[in-house]
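Data block below; observations after.
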Amino acid sequence: MSLLSVLSACLTDWPSLILVLLIIYISNFYYKYFTRPNPLPGPMPIPILGTIHIIGMNPLTWYNKNKGKAGAIWEFYIGSERHIVVNHVKHAEKLCKPNKSLFKKLPFTTFERTGLHNGVIFCTDYDAWHRRRKLIIRALMATKFLRGIVLCVQNQFKASEERWSSKIKDGIEFDFREWIRFFATDLHTLQTTKQHSYCAALFDTNKKLVQTEEIKKSLKFTNGIHKHFLSLGFFVLVPQFVMDYVPDADLLDHLLIAHTLKDPDSENDDNVTPITAKEVTVITWDVLLASTDTTGNSLSFLIYYIAKNPNVLAKIRKEINEVFGSDPNVEFTLEKLDNCHYIEATVKETLRITTLVPYTMKVSDGVLNIAGYNWPSGTTFWIDHQTLCNDPDYWEDNETFNPDRFLSKHHGGSSELSEFQKISYTPFGCGLRSCAGKLAAMNVLKSLVVLFYRKYNIELKDEKIKYYYNLLTQVYDMKVKISLRDDSL
Ligand code: HEM
């Protein structure tokens, strides 16, 4: 009897259909409870699909509905692949420590077919990753790079202000999330490759700017980055201008001269392989990919929480006045920005209350004891950063937006973070693969808070912020009205 005839018999014959459903149910039960050690709470998997039909792309949705049942550790299945979700600091602590045996973050090697493993984010070879990561950390954490990025934010912002100037008197309404998406692409493209992408100019002028081939490619590029998070097929959109570009900028300079005689930091180790052109391209792409949407979505949440908390806005403006004085156009430096402790605390609180990357994954190499179970080598763990950063047992009034919790008593805040808070505060990930651009991101966000609030009011047009999840927490349709401040600093 063929499969087709069984299926058609099932559709016409109810007892057969019920029998088939019963067999599927029993086999699922067997599959889940008798073929795997340590069964954990979680939706019931079915063969081939696993639990993807129940949790979809976002484990957080299932978890939020089943908090009571799921507890501190639960599981779901992608096909027959078992995934363990850890959302309590007691269990996550071990996973969050820098540990070579937790270097791998994906249970599959799909990216090797795309060439993306030649960069940092999707690299699956420890030695290659270690060498590249050292290089980009050296570039992204360098004071020269950070100083440059603070100035670059101001120059880009000034260009937008000039384009707004004729209409700002009556206030300008626009979709803030779209604006910052384009602004962030301009900023990070310029800072990484010294190449202008003109995306914010297009947005500010309602696409009335003459669109050269270069600008069209830029637009395609920024949309490509965004689409990457919507589908993993983004790599077809890698623009020629990034691939073809002859680099002469900070990050690229750094990568290109690394391990050559021109490298001032070279360890003169003959055994270190020089970086290849392919690696330079993929690392550049990695940095653009990792920086644009993350910064853009964070700023959107930041603007939202500040608008919802006028007391926070008042303290931000007080700090701006104290640190920068009353001139709303004065240029500032990285060193001045370092004195903005309250603004820094506001950025940190925003990233705590809504973590931009709610989950990161780690695949174990070797047996690992977590939550009292010995997990075999190759187990995939998901660290639930959103829950860790909002656990009411560790974060008092966890749902209240309160930057003071990140401000030491010395700077007028409430207290120092506890050891558990320090471990569970992981918006930039944790362990070996944590964010390489954390300092750059913090400085971009702090600079933009200063630039906006020293001179402008930002009014939200909608009561609530709209967002969805796909690897990143993505804000959409965020209408705001920007107008000049009527009170002087
Ligand atoms: C608020 C903004 C940002 C957030 C919330 C953020 C968050 C994260 C997180 C959670 C990870 C770890 C991913 C994982 O373990 O799978 C990560 C990795 C990374 N981030 Fe960021 N990021 C931000 C901005 C940036 C910026 C501005 C840059 C570069 C200029 C950057 C560069 C990177 C790179 C290169 C990695 C890969 C590190 C590795 O695999 O070794 N990020 N980021």
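Letters for chains follow the order of the structure tokens (A, B, ...), residue numbers begin at 1 for each chain, and ligand numbers begin at 1 in the order shown.
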With a cut-off of 8 Å, could you pull out the residues of chain A touching ligand 1 and give me the nearest pair of atoms for each, distance in Å to one decimal, using only C-alpha atoms and all ligand atoms, ordered by chain and ascending number, as CSV?
```
residue,atom,partner,partner_atom_place_in_ligand_line,distance
A:Lys105,CA,ligand 1,16 (O),6.3
A:Val120,CA,ligand 1,40 (O),5.2
A:Ile121,CA,ligand 1,40 (O),3.9
A:Phe122,CA,ligand 1,40 (O),6.7
A:Cys123,CA,ligand 1,40 (O),7.3
A:Trp129,CA,ligand 1,41 (O),7.1
A:Arg133,CA,ligand 1,41 (O),5.9
A:Ile136,CA,ligand 1,35 (C),7.3
A:Leu140,CA,ligand 1,30 (C),6.4
A:His188,CA,ligand 1,30 (C),7.3
A:Ile283,CA,ligand 1,35 (C),7.7
A:Asp286,CA,ligand 1,35 (C),6.0
A:Val287,CA,ligand 1,29 (C),4.9
A:Leu288,CA,ligand 1,29 (C),6.8
A:Leu289,CA,ligand 1,32 (C),7.9
A:Ala290,CA,ligand 1,31 (C),4.6
A:Ser291,CA,ligand 1,26 (C),3.7
A:Thr292,CA,ligand 1,27 (C),6.9
A:Asp293,CA,ligand 1,2 (C),8.0
A:Thr294,CA,ligand 1,2 (C),4.4
A:Thr295,CA,ligand 1,2 (C),4.4
A:Gly296,CA,ligand 1,2 (C),7.9
A:Asn297,CA,ligand 1,1 (C),7.7
A:Ser298,CA,ligand 1,1 (C),5.4
A:Leu299,CA,ligand 1,1 (C),7.9
A:Leu351,CA,ligand 1,5 (C),6.9
A:Thr355,CA,ligand 1,5 (C),6.8
A:Leu356,CA,ligand 1,5 (C),5.1
A:Val357,CA,ligand 1,10 (C),5.1
A:Pro358,CA,ligand 1,10 (C),7.7
A:Tyr359,CA,ligand 1,10 (C),7.5
A:Thr360,CA,ligand 1,16 (O),4.6
A:Met361,CA,ligand 1,16 (O),5.9
A:Lys362,CA,ligand 1,15 (O),7.6
A:Thr426,CA,ligand 1,10 (C),7.4
A:Pro427,CA,ligand 1,5 (C),5.5
A:Phe428,CA,ligand 1,10 (C),3.9
A:Gly429,CA,ligand 1,10 (C),3.8
A:Cys430,CA,ligand 1,15 (O),6.7
A:Gly431,CA,ligand 1,15 (O),7.9
A:Leu432,CA,ligand 1,41 (O),6.6
A:Arg433,CA,ligand 1,41 (O),3.9
A:Ser434,CA,ligand 1,12 (C),4.5
A:Cys435,CA,ligand 1,17 (C),3.5
A:Ala436,CA,ligand 1,33 (C),4.4
A:Gly437,CA,ligand 1,28 (C),3.5
A:Lys438,CA,ligand 1,25 (C),5.6
A:Leu439,CA,ligand 1,27 (C),7.7
A:Ala440,CA,ligand 1,27 (C),5.3
A:Ala441,CA,ligand 1,27 (C),4.2
A:Met442,CA,ligand 1,1 (C),6.8
A:Val444,CA,ligand 1,27 (C),7.9
A:Leu445,CA,ligand 1,1 (C),7.7
```
Mind writing the picked residues with N, CA and C atoms as a compact mmCIF listing (two decimals), in the first residue's frame?
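Once everything was written out, this is again-v9.txt:
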```txt
# COMPACT_ATOMS: atom_id res chain seq x y z
N LYS A 105 28.69 28.83 18.58
CA LYS A 105 27.37 29.31 18.94
C LYS A 105 26.23 28.75 18.10
N VAL A 120 33.99 37.16 11.74
CA VAL A 120 34.04 36.92 13.18
C VAL A 120 32.73 36.31 13.67
N ILE A 121 31.62 36.94 13.30
CA ILE A 121 30.32 36.55 13.87
C ILE A 121 29.99 35.09 13.61
N PHE A 122 30.20 34.63 12.37
CA PHE A 122 29.79 33.27 12.03
C PHE A 122 30.98 32.30 11.94
N CYS A 123 32.11 32.73 12.49
CA CYS A 123 33.30 31.88 12.42
C CYS A 123 33.14 30.64 13.29
N TRP A 129 39.02 32.49 14.52
CA TRP A 129 38.21 33.50 15.21
C TRP A 129 39.08 34.32 16.18
N ARG A 133 39.32 38.20 16.00
CA ARG A 133 38.68 38.93 17.10
C ARG A 133 39.70 39.88 17.75
N ILE A 136 39.92 42.96 15.57
CA ILE A 136 38.85 43.96 15.58
C ILE A 136 38.70 44.59 16.97
N LEU A 140 38.39 48.41 17.38
CA LEU A 140 37.15 49.02 17.87
C LEU A 140 37.26 49.61 19.27
N HIS A 188 28.09 54.07 10.41
CA HIS A 188 28.99 52.92 10.50
C HIS A 188 29.71 52.65 9.18
N ILE A 283 35.01 40.58 7.48
CA ILE A 283 35.05 41.26 8.79
C ILE A 283 34.38 42.64 8.67
N ASP A 286 30.81 42.06 8.64
CA ASP A 286 30.38 41.67 9.99
C ASP A 286 30.15 42.89 10.86
N VAL A 287 31.12 43.82 10.82
CA VAL A 287 31.02 44.99 11.70
C VAL A 287 29.83 45.86 11.29
N LEU A 288 29.63 46.03 9.97
CA LEU A 288 28.48 46.82 9.52
C LEU A 288 27.18 46.14 9.93
N LEU A 289 27.15 44.84 9.78
CA LEU A 289 25.96 44.07 10.11
C LEU A 289 25.65 44.14 11.61
N ALA A 290 26.72 43.97 12.42
CA ALA A 290 26.51 43.91 13.87
C ALA A 290 26.18 45.27 14.46
N SER A 291 26.53 46.35 13.74
CA SER A 291 26.42 47.67 14.37
C SER A 291 25.16 48.45 13.98
N THR A 292 24.68 48.32 12.75
CA THR A 292 23.63 49.24 12.28
C THR A 292 22.27 49.03 12.93
N ASP A 293 21.70 47.86 12.77
CA ASP A 293 20.36 47.65 13.31
C ASP A 293 20.35 47.62 14.84
N THR A 294 21.43 47.13 15.44
CA THR A 294 21.48 47.10 16.91
C THR A 294 21.44 48.53 17.46
N THR A 295 22.28 49.41 16.90
CA THR A 295 22.33 50.78 17.39
C THR A 295 20.99 51.48 17.13
N GLY A 296 20.44 51.26 15.92
CA GLY A 296 19.19 51.93 15.54
C GLY A 296 18.03 51.53 16.43
N ASN A 297 17.88 50.26 16.69
CA ASN A 297 16.77 49.81 17.54
C ASN A 297 16.98 50.26 18.98
N SER A 298 18.23 50.23 19.46
CA SER A 298 18.49 50.69 20.84
C SER A 298 18.10 52.15 20.99
N LEU A 299 18.49 52.97 20.01
CA LEU A 299 18.17 54.40 20.14
C LEU A 299 16.65 54.60 20.12
N LEU A 351 18.79 49.19 27.78
CA LEU A 351 19.22 47.88 27.26
C LEU A 351 18.87 46.75 28.23
N THR A 355 16.08 43.92 26.10
CA THR A 355 17.37 43.52 25.52
C THR A 355 17.18 43.37 24.00
N LEU A 356 18.08 44.00 23.28
CA LEU A 356 17.99 43.99 21.82
C LEU A 356 18.20 42.61 21.23
N VAL A 357 19.09 41.86 21.87
CA VAL A 357 19.33 40.48 21.43
C VAL A 357 18.84 39.61 22.60
N PRO A 358 17.56 39.19 22.54
CA PRO A 358 17.01 38.48 23.71
C PRO A 358 17.69 37.15 23.99
N TYR A 359 18.23 36.52 22.94
CA TYR A 359 18.89 35.22 23.14
C TYR A 359 20.25 35.19 22.45
N THR A 360 21.19 34.50 23.06
CA THR A 360 22.37 34.08 22.31
C THR A 360 22.52 32.58 22.53
N MET A 361 23.20 31.93 21.59
CA MET A 361 23.31 30.47 21.68
C MET A 361 24.75 30.05 21.95
N LYS A 362 24.89 28.95 22.65
CA LYS A 362 26.22 28.38 22.87
C LYS A 362 26.12 26.87 22.73
N THR A 426 23.33 41.20 30.79
CA THR A 426 24.05 40.69 29.61
C THR A 426 23.45 41.18 28.28
N PRO A 427 23.10 42.47 28.14
CA PRO A 427 22.54 42.90 26.85
C PRO A 427 23.54 42.79 25.71
N PHE A 428 24.83 42.75 26.03
CA PHE A 428 25.84 42.61 24.98
C PHE A 428 26.35 41.17 24.89
N GLY A 429 25.54 40.23 25.37
CA GLY A 429 25.94 38.83 25.34
C GLY A 429 26.93 38.56 26.47
N CYS A 430 27.52 37.38 26.46
CA CYS A 430 28.47 37.05 27.51
C CYS A 430 29.45 35.99 27.02
N GLY A 431 30.50 35.81 27.80
CA GLY A 431 31.50 34.80 27.44
C GLY A 431 32.40 35.27 26.32
N LEU A 432 33.06 34.31 25.67
CA LEU A 432 34.05 34.64 24.63
C LEU A 432 33.46 35.45 23.48
N ARG A 433 32.20 35.15 23.10
CA ARG A 433 31.64 35.76 21.90
C ARG A 433 30.83 37.02 22.20
N SER A 434 31.05 37.64 23.36
CA SER A 434 30.26 38.85 23.67
C SER A 434 30.61 39.97 22.70
N CYS A 435 29.80 41.02 22.73
CA CYS A 435 29.89 42.08 21.73
C CYS A 435 31.28 42.74 21.66
N ALA A 436 31.82 42.80 20.45
CA ALA A 436 33.13 43.41 20.26
C ALA A 436 33.00 44.94 20.13
N GLY A 437 31.77 45.42 19.89
CA GLY A 437 31.60 46.85 19.65
C GLY A 437 30.86 47.57 20.76
N LYS A 438 30.87 46.96 21.96
CA LYS A 438 30.12 47.50 23.10
C LYS A 438 30.46 48.98 23.39
N LEU A 439 31.76 49.29 23.43
CA LEU A 439 32.16 50.65 23.76
C LEU A 439 31.74 51.63 22.67
N ALA A 440 31.91 51.19 21.41
CA ALA A 440 31.50 52.05 20.29
C ALA A 440 30.00 52.32 20.38
N ALA A 441 29.22 51.25 20.64
CA ALA A 441 27.77 51.40 20.71
C ALA A 441 27.37 52.37 21.82
N MET A 442 27.98 52.20 23.00
CA MET A 442 27.64 53.07 24.14
C MET A 442 27.93 54.53 23.79
N VAL A 444 28.13 55.96 20.77
CA VAL A 444 27.22 56.48 19.74
C VAL A 444 25.89 56.85 20.40
N LEU A 445 25.38 55.96 21.24
CA LEU A 445 24.07 56.20 21.85
C LEU A 445 24.13 57.42 22.79
```
Closest-contact table, region 86-149 of chain A side, partner region 376-386 of chain A, 9 Å, counting only C-alpha atoms, as CSV:
```
residue,atom,partner,partner_atom,distance
A:Val86,CA,A:Ile383,CA,5.2
A:Asn87,CA,A:Asp384,CA,4.9
A:His88,CA,A:Asp384,CA,8.2
A:Ala92,CA,A:Ile383,CA,6.8
A:Leu95,CA,A:Ile383,CA,7.9
A:Cys96,CA,A:Ile383,CA,8.4
A:Lys105,CA,A:Thr380,CA,8.0
A:Leu106,CA,A:Thr380,CA,7.6
A:Pro107,CA,A:Thr380,CA,6.5
```
Query - Long-range neighbours of His411 (chain A) as a ChimeraX atom specification, 10 Å cut-off, only C-alpha atoms, 4 positions minimum in chain - result: /A:341-342,404,406-407,415
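Nearest residue to Lys169 (chain A) among A:Ile84, A:Ile482, A:Ile24, A:Val450 is A:Ile482, counting only C-alpha atoms.
Distances from A:Lys422, A:Arg454, A:Lys134, A:Lys479 to Ser326 (chain A) were compared using only C-alpha atoms, and the smallest one belongs to A:Arg454.
Between CA of Gln191 (chain A) and CA of Phe145 (chain A) there is a distance of 8.4 Å.
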Report task. With a distance cut-off of 9 Å and only C-alpha atoms, select the neighbouring residues of Ala307 (chain A), excluding the residue or stretch itself and same-chain residues fewer than 3 positions from it, and output the selection as a VMD selection string. Result -> chain A and resid 302 to 304 310 312 to 313 458 to 460
Output N, CA and C atoms of each residue in that selection to a file, as a tab-separated table (two decimals), in the first residue's frame.
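Here's the written file part.tsv:
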```
chain	number	residue	atom	x	y	z
A	302	LEU	N	15.47	53.90	23.49
A	302	LEU	CA	15.98	54.95	24.39
A	302	LEU	C	15.08	56.19	24.31
A	303	ILE	N	14.77	56.61	23.09
A	303	ILE	CA	13.92	57.79	22.88
A	303	ILE	C	12.54	57.54	23.48
A	304	TYR	N	12.04	56.31	23.31
A	304	TYR	CA	10.72	55.96	23.82
A	304	TYR	C	10.70	56.07	25.36
A	310	PRO	N	9.46	61.80	32.09
A	310	PRO	CA	9.91	63.19	32.09
A	310	PRO	C	10.95	63.48	33.19
A	312	VAL	N	13.33	61.53	34.05
A	312	VAL	CA	14.63	61.10	33.50
A	312	VAL	C	15.14	62.17	32.53
A	313	LEU	N	14.22	62.68	31.69
A	313	LEU	CA	14.61	63.72	30.73
A	313	LEU	C	15.17	64.95	31.47
A	458	ILE	N	11.36	65.85	21.71
A	458	ILE	CA	10.88	64.73	20.88
A	458	ILE	C	9.56	64.24	21.48
A	459	GLU	N	8.52	64.34	20.64
A	459	GLU	CA	7.20	63.93	21.12
A	459	GLU	C	6.80	62.64	20.39
A	460	LEU	N	6.32	61.66	21.16
A	460	LEU	CA	5.88	60.40	20.53
A	460	LEU	C	4.48	60.59	19.98
```
Mind checking which residues fall within 9 Å of Ser447 (chain A), counting only C-alpha atoms, ignoring those fewer than 5 positions away in the same chain, and posting them as a PDB file with C-alpha atoms, in the first residue's frame?
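Done, and the output landed in out-v8.pdb:
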```pdb
ATOM      1  CA  VAL A 150      32.040  60.605  18.628  1.00  0.00           C
ATOM      2  CA  VAL A 153      28.160  61.183  15.012  1.00  0.00           C
ATOM      3  CA  GLN A 154      28.253  64.960  15.489  1.00  0.00           C
ATOM      4  CA  PHE A 332      32.282  67.721  22.230  1.00  0.00           C
ATOM      5  CA  LEU A 334      34.976  61.443  23.921  1.00  0.00           C
ATOM      6  CA  LEU A 337      31.166  62.345  27.062  1.00  0.00           C
ATOM      7  CA  MET A 442      27.641  53.069  24.143  1.00  0.00           C
ATOM      8  CA  PHE A 452      18.934  65.474  20.527  1.00  0.00           C
TER       9      PHE A 452
END
```
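For the residues A:Asn321, A:Asn206, A:Asn329, A:Thr109, ranking by smallest atom-to-atom distance to Leu451 (chain A) using only C-alpha atoms places A:Asn329 first.
Residues within 10 Å of Asn58 (chain A), counting only C-alpha atoms and excluding same-chain residues fewer than 2 positions away, are A:Ile52, A:Ile54, A:Ile55, A:Gly56, A:Leu60, A:Thr61, A:Trp62, A:Tyr63, A:Pro358, A:Tyr359, A:Tyr468, A:Tyr469, A:Asn470, A:Leu471.
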For the residues in that selection, give me C-alpha atoms as a short mmCIF file (atom, residue, chain, number, x, y, z; two decimals), in the first residue's frame.
```cif
data_model
loop_
_atom_site.label_atom_id
_atom_site.label_comp_id
_atom_site.auth_asym_id
_atom_site.auth_seq_id
_atom_site.Cartn_x
_atom_site.Cartn_y
_atom_site.Cartn_z
CA ILE A 52 8.71 24.94 15.63
CA ILE A 54 4.30 25.91 18.47
CA ILE A 55 7.05 28.37 19.34
CA GLY A 56 7.66 29.72 15.82
CA LEU A 60 10.12 34.14 24.32
CA THR A 61 6.46 34.05 23.26
CA TRP A 62 6.03 30.47 24.46
CA TYR A 63 8.01 31.17 27.62
CA PRO A 358 17.01 38.48 23.71
CA TYR A 359 18.89 35.22 23.14
CA TYR A 468 8.67 42.27 16.92
CA TYR A 469 11.40 39.70 17.34
CA ASN A 470 13.59 38.00 14.76
CA LEU A 471 17.03 37.40 16.24
#
```
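When CA of Asp170 (chain A) is paired with CA of Lys481 (chain A), their separation reads 9.7 Å.
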